[in-house]
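Right, one structure below, let's go through it.
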Amino acid sequence: MPRPLLQVTGLEAGYGSAQVLFGIDLAVGEGEVVALMGRNGMGKTTLVRSLVGLANRMAGRIEFAGVDVTRFPGYRVARAGLGLVPEGRHVFRSLDVEENLVATARSAAQAPTGSAEGSAREPWTLSRVYEFFPRLAERRHHRGNQLSGGEQQMLAIGRALLTQPSLLVLDEATEGLAPLIREDIWQTLGRLKAGGLAVLVVDRDLRALSRLADRYVILDKGQVARSGPVSDLSEQASTIERHIGVA
Amino acid sequence: MTGGLVLEQAFNGLQFGMILFLMAVGVTLAFGVMNLINLAHGSMLMLGAYFIAAAATKITAYPLAFVAALMLTAVASVLLEVLVMRPLYRMGHLDQVLATFGVSIAVNEAVIMIWGREAMFVAPPEWLDGTVALTDTISYPLYRLAITGVAALAGLALWLLLARTRLGMRIRAGAENGDIVGALGVNVRLLFIGVFVISSLLAALGGVMLGPLIAVQSGMGDPLLILALAVVVIGGVGSLKGALVASLAVGLLDTFGRMIWPHLMGNIIGNIVANASVYILMALVIAVRPSGLFGNHAA
Ligand SMILES: Nc1ncnc2c1ncn2[C@@H]1O[C@H](COP(=O)(O)OP(=O)(O)OP(=O)(O)O)[C@@H](O)[C@H]1O
Ligand SMILES: [Mg+2]
């Protein structure tokens, strides 16, 4: 595995005193794509949320680019280089597309220079995001609540990219999108991977994930049930499918 | 009732409405962004008035005293946010109402301890002491016009801040979903302090400017806060435009009501009607549009 960018060790987390995650180990290397899978309610979103301080971290350790961020408030983890595309997308409805992109953007100068690879990557600018998603450029003056699901997802990805992440975390990358739009999103993620960005992606499209990802992790009842290189996915398709609930 | 008197009262109503606007936008901002119902908001107006009264005794140049009063309010509001308000953001509205009502009582008592029970008076700056001729026979105090103008400029500045700057975008985004704004790398704690300070400064600006017009005394902001709450309900929570329209409507209704109703119905009943008219308007608006004139929250 390449040098670890995100390293989660023995993470226990939950909401209030209700524990959801029990000792999660997970690593994403620089430039690597890791697929996070599991049936409904198994703790994928809780894991993602605990990375950015939106779920209660009870025990364990989270390291990002070699820094212990376990006790960091969420915004500092984001600034360390974690770009979040949250479940449900949560674009800002009353802000237009451009405002959505600009509001939380950071300039390249503000981006962390922790990793050699990270500093070599081309920084994200508004015009680069518009080049990447021409659809957003066309809709730049439309409000978030006027966008289709696919456009909202592009916006949520663009918004995360403008925080200059070294790791993009997508919770439900293609949920609720039409098949053609899904294909667009997968291609987008492929291009981002080719550009050297590390990605942690939650989704249930096994075929798309096995094309994109390097490794996979399957959660079951708040624990890692299986993990390994994606090549396993095709060899052990039936076991995997049982785990992630696609019959 | 002469045309001149009507004109004069219209200017008074406008000026009163703009002070209410300064109060109401602060209420609406704090509620919209932090989900906070702040009954201590009137204390900020009062502190502004006390600070200008105190500053004017030490600093002769009015503009300097003006700035000093606002800076002192800013400091007070940061302390209040950090020490008292922050834990309230995640609590229920009833807890907020009780806690902030307690804060307003404490601040009312504190100013009595510092400055005494006697009302204080502030002179308007000399260069605003004159009058302006509205018609051949009617002249109007320059100072009152200046209040209206400054309040309008403050409203414009706030609008520009919210609509055109990145801070404004973050504030609007935070009003929708502070968690996501934070998860994208914004220090939401700091953002909320900023919003609380802006909201307090707007109220204090009203107090600083009212200082020369009314007695500066403990509790002076509370009646204005109650009217400002009515303004927010009428205009619609979270709407800047609603706050402006409703403030002017309430300012004019209140000012003209105090002139017209006693005239029509005799002093006793007329004054009761005048006092109730704002709340009657509020009840009518809620009956027709439960979320207020410009509110878009599902009520
Ligand atoms: N805010 C919350 N408060 C309390 N419990 C929660 C909260 N959010 C989720 N849970 C519980 O945590 C568990 C894990 O939920 P989580 O959302 O992490 O699952 P998931 O794997 O993302 O599911 P899905 O595939 O449906 O998105 C569930 O049992 C859920 O009921
Ligand atoms: Mg989920």
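Just remember, in the structure tokens the first chain shown is A, the second B, etc., residues are 1-based per chain, and ligands are 1-based in the order shown.
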Exercise for the section: Specify as a PyMOL selection string all residues of chain B found within 8 Å of chain A, counting only C-alpha atoms. Expected result: chain B and resi 166-167+169-170+172-173+176-177+179-187
Keeping only all heavy atoms, write the selected residues to a file as a compact mmCIF listing (two decimals), in the first residue's frame.
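Output contents, as saved in result03.txt:
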```txt
# COMPACT_ATOMS: atom_id res chain seq x y z
N ARG B 166 -17.94 36.81 1.07
CA ARG B 166 -17.80 35.40 1.40
C ARG B 166 -18.28 35.13 2.82
O ARG B 166 -18.88 34.10 3.10
CB ARG B 166 -16.35 34.97 1.25
CG ARG B 166 -16.25 33.54 0.84
CD ARG B 166 -15.05 33.36 -0.01
NE ARG B 166 -13.91 33.29 0.87
CZ ARG B 166 -13.18 32.18 0.98
NH1 ARG B 166 -13.47 31.12 0.25
NH2 ARG B 166 -12.15 32.15 1.78
N LEU B 167 -18.01 36.11 3.71
CA LEU B 167 -18.52 35.97 5.08
C LEU B 167 -20.04 35.85 5.04
O LEU B 167 -20.64 35.03 5.72
CB LEU B 167 -18.09 37.16 5.94
CG LEU B 167 -18.63 37.18 7.36
CD1 LEU B 167 -18.15 35.96 8.15
CD2 LEU B 167 -18.22 38.46 8.08
N MET B 169 -21.88 34.76 2.58
CA MET B 169 -22.26 33.44 2.05
C MET B 169 -22.18 32.40 3.15
O MET B 169 -23.03 31.52 3.28
CB MET B 169 -21.32 33.02 0.93
CG MET B 169 -21.47 33.83 -0.34
SD MET B 169 -20.12 33.37 -1.47
CE MET B 169 -20.03 34.85 -2.44
N ARG B 170 -21.10 32.49 3.95
CA ARG B 170 -20.93 31.51 5.02
C ARG B 170 -22.02 31.66 6.06
O ARG B 170 -22.51 30.67 6.61
CB ARG B 170 -19.56 31.69 5.69
CG ARG B 170 -18.46 31.22 4.78
CD ARG B 170 -17.11 31.36 5.42
NE ARG B 170 -16.12 30.74 4.53
CZ ARG B 170 -14.84 30.66 4.80
NH1 ARG B 170 -14.37 31.15 5.93
NH2 ARG B 170 -14.03 30.07 3.94
N ARG B 172 -25.08 32.76 5.49
CA ARG B 172 -26.32 32.20 4.93
C ARG B 172 -26.25 30.68 4.86
O ARG B 172 -27.23 29.98 5.13
CB ARG B 172 -26.57 32.78 3.53
CG ARG B 172 -27.11 34.21 3.60
CD ARG B 172 -27.39 34.75 2.20
NE ARG B 172 -26.16 35.09 1.50
CZ ARG B 172 -25.92 34.82 0.23
NH1 ARG B 172 -26.83 34.20 -0.51
NH2 ARG B 172 -24.80 35.18 -0.34
N ALA B 173 -25.07 30.16 4.49
CA ALA B 173 -24.92 28.70 4.46
C ALA B 173 -25.06 28.13 5.88
O ALA B 173 -25.71 27.11 6.09
CB ALA B 173 -23.57 28.33 3.86
N GLU B 176 -28.46 27.58 7.02
CA GLU B 176 -29.09 26.36 6.51
C GLU B 176 -28.56 25.13 7.20
O GLU B 176 -29.33 24.25 7.58
CB GLU B 176 -28.81 26.21 5.00
CG GLU B 176 -29.79 26.93 4.14
CD GLU B 176 -29.56 26.58 2.68
OE1 GLU B 176 -29.21 25.42 2.37
OE2 GLU B 176 -29.72 27.50 1.85
N ASN B 177 -27.26 25.03 7.33
CA ASN B 177 -26.67 23.80 7.87
C ASN B 177 -25.26 24.06 8.38
O ASN B 177 -24.28 23.90 7.67
CB ASN B 177 -26.66 22.73 6.78
CG ASN B 177 -26.43 21.36 7.35
OD1 ASN B 177 -25.78 21.22 8.39
ND2 ASN B 177 -26.95 20.34 6.70
N ASP B 179 -23.52 22.39 10.48
CA ASP B 179 -22.68 21.20 10.55
C ASP B 179 -21.89 20.99 9.26
O ASP B 179 -20.70 20.66 9.29
CB ASP B 179 -23.55 19.95 10.78
CG ASP B 179 -23.97 19.83 12.25
OD1 ASP B 179 -23.43 20.59 13.08
OD2 ASP B 179 -24.85 19.00 12.54
N ILE B 180 -22.58 21.16 8.14
CA ILE B 180 -21.90 20.94 6.86
C ILE B 180 -20.87 22.04 6.61
O ILE B 180 -19.75 21.77 6.15
CB ILE B 180 -22.93 20.88 5.71
CG1 ILE B 180 -23.85 19.67 5.89
CG2 ILE B 180 -22.24 20.81 4.36
CD1 ILE B 180 -23.17 18.33 5.77
N VAL B 181 -21.20 23.28 6.96
CA VAL B 181 -20.24 24.37 6.80
C VAL B 181 -18.97 24.04 7.59
O VAL B 181 -17.85 24.22 7.11
CB VAL B 181 -20.85 25.71 7.25
CG1 VAL B 181 -19.81 26.82 7.20
CG2 VAL B 181 -22.03 26.08 6.38
N GLY B 182 -19.15 23.52 8.80
CA GLY B 182 -18.01 23.15 9.62
C GLY B 182 -17.23 21.99 9.03
O GLY B 182 -16.00 22.02 8.98
N ALA B 183 -17.96 20.99 8.53
CA ALA B 183 -17.30 19.82 7.96
C ALA B 183 -16.52 20.18 6.70
O ALA B 183 -15.67 19.42 6.25
CB ALA B 183 -18.31 18.72 7.65
N LEU B 184 -16.80 21.34 6.12
CA LEU B 184 -16.07 21.78 4.94
C LEU B 184 -14.92 22.72 5.32
O LEU B 184 -14.34 23.37 4.45
CB LEU B 184 -17.02 22.45 3.94
CG LEU B 184 -17.95 21.45 3.24
CD1 LEU B 184 -19.11 22.17 2.58
CD2 LEU B 184 -17.18 20.64 2.20
N GLY B 185 -14.65 22.83 6.61
CA GLY B 185 -13.44 23.53 7.02
C GLY B 185 -13.62 24.92 7.59
O GLY B 185 -12.64 25.63 7.80
N VAL B 186 -14.86 25.33 7.83
CA VAL B 186 -15.07 26.66 8.40
C VAL B 186 -15.21 26.53 9.92
O VAL B 186 -15.91 25.65 10.41
CB VAL B 186 -16.34 27.31 7.82
CG1 VAL B 186 -16.65 28.63 8.51
CG2 VAL B 186 -16.17 27.51 6.32
N ASN B 187 -14.54 27.41 10.65
CA ASN B 187 -14.66 27.43 12.10
C ASN B 187 -16.01 28.06 12.47
O ASN B 187 -16.14 29.28 12.55
CB ASN B 187 -13.50 28.21 12.70
CG ASN B 187 -13.52 28.16 14.22
OD1 ASN B 187 -14.52 27.78 14.82
ND2 ASN B 187 -12.41 28.52 14.82
```
Exercise for the section: Enumerate residues in contact with ligand 2: an atom-to-atom distance of at most 8 Å, counting only C-alpha atoms and all ligand atoms. Format the result as a list in words. Expected result: Asn40, Gly41, Gly43, Lys44, Thr45, Thr46, Glu87, Asp171 and Glu172 of chain A
Can you write out the residues you just picked, keeping C-alpha atoms, as a JSON list (two decimals), in the first residue's frame?
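part.json, written as the output of this step:
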```json
[["chain", "number", "residue", "atom", "x", "y", "z"],
["A", 40, "ASN", "CA", -28.27, -0.17, 5.54],
["A", 41, "GLY", "CA", -27.53, 1.00, 9.04],
["A", 43, "GLY", "CA", -22.34, 2.41, 10.24],
["A", 44, "LYS", "CA", -20.86, 3.74, 6.98],
["A", 45, "THR", "CA", -22.24, 7.24, 7.46],
["A", 46, "THR", "CA", -21.34, 7.20, 11.13],
["A", 87, "GLU", "CA", -24.82, 11.72, 2.29],
["A", 171, "ASP", "CA", -20.95, 9.15, 1.24],
["A", 172, "GLU", "CA", -23.42, 7.57, -1.23]]
```
Exercise for the section: Give the residues close to ligand 1, within 10 Å, counting only C-alpha atoms and all ligand atoms; write them as a PyMOL selection string. Expected result: chain A and resi 13-21+36-50+54-56+87-88+171-172+175+202-204+218-222+244
Exercise for the section: Grab the atom CA of Leu191 of chain B to atom CA of Ala99 of chain B distance for me, in Å with one decimal place. Expected result: 22.0 Å
Handout entry: Backbone DSSP call of strand (DSSP E or B) for segment 14-216 of chain B, listed as a VMD selection string
Key = chain B and resid 120 131 to 133 139 to 141 216
Just-selected residues, C-alpha atoms written as a tab-separated table (two decimals), in the first residue's frame:
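Contents of result_39.tsv, freshly written:
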```tsv
chain	number	residue	atom	x	y	z
B	120	MET	CA	-28.59	59.74	32.11
B	131	THR	CA	-33.28	71.84	12.04
B	132	VAL	CA	-34.14	71.35	8.40
B	133	ALA	CA	-37.04	73.18	6.77
B	139	SER	CA	-38.92	72.41	10.29
B	140	TYR	CA	-37.59	69.08	11.43
B	141	PRO	CA	-34.65	68.23	13.71
B	216	VAL	CA	-30.91	56.51	29.16
```
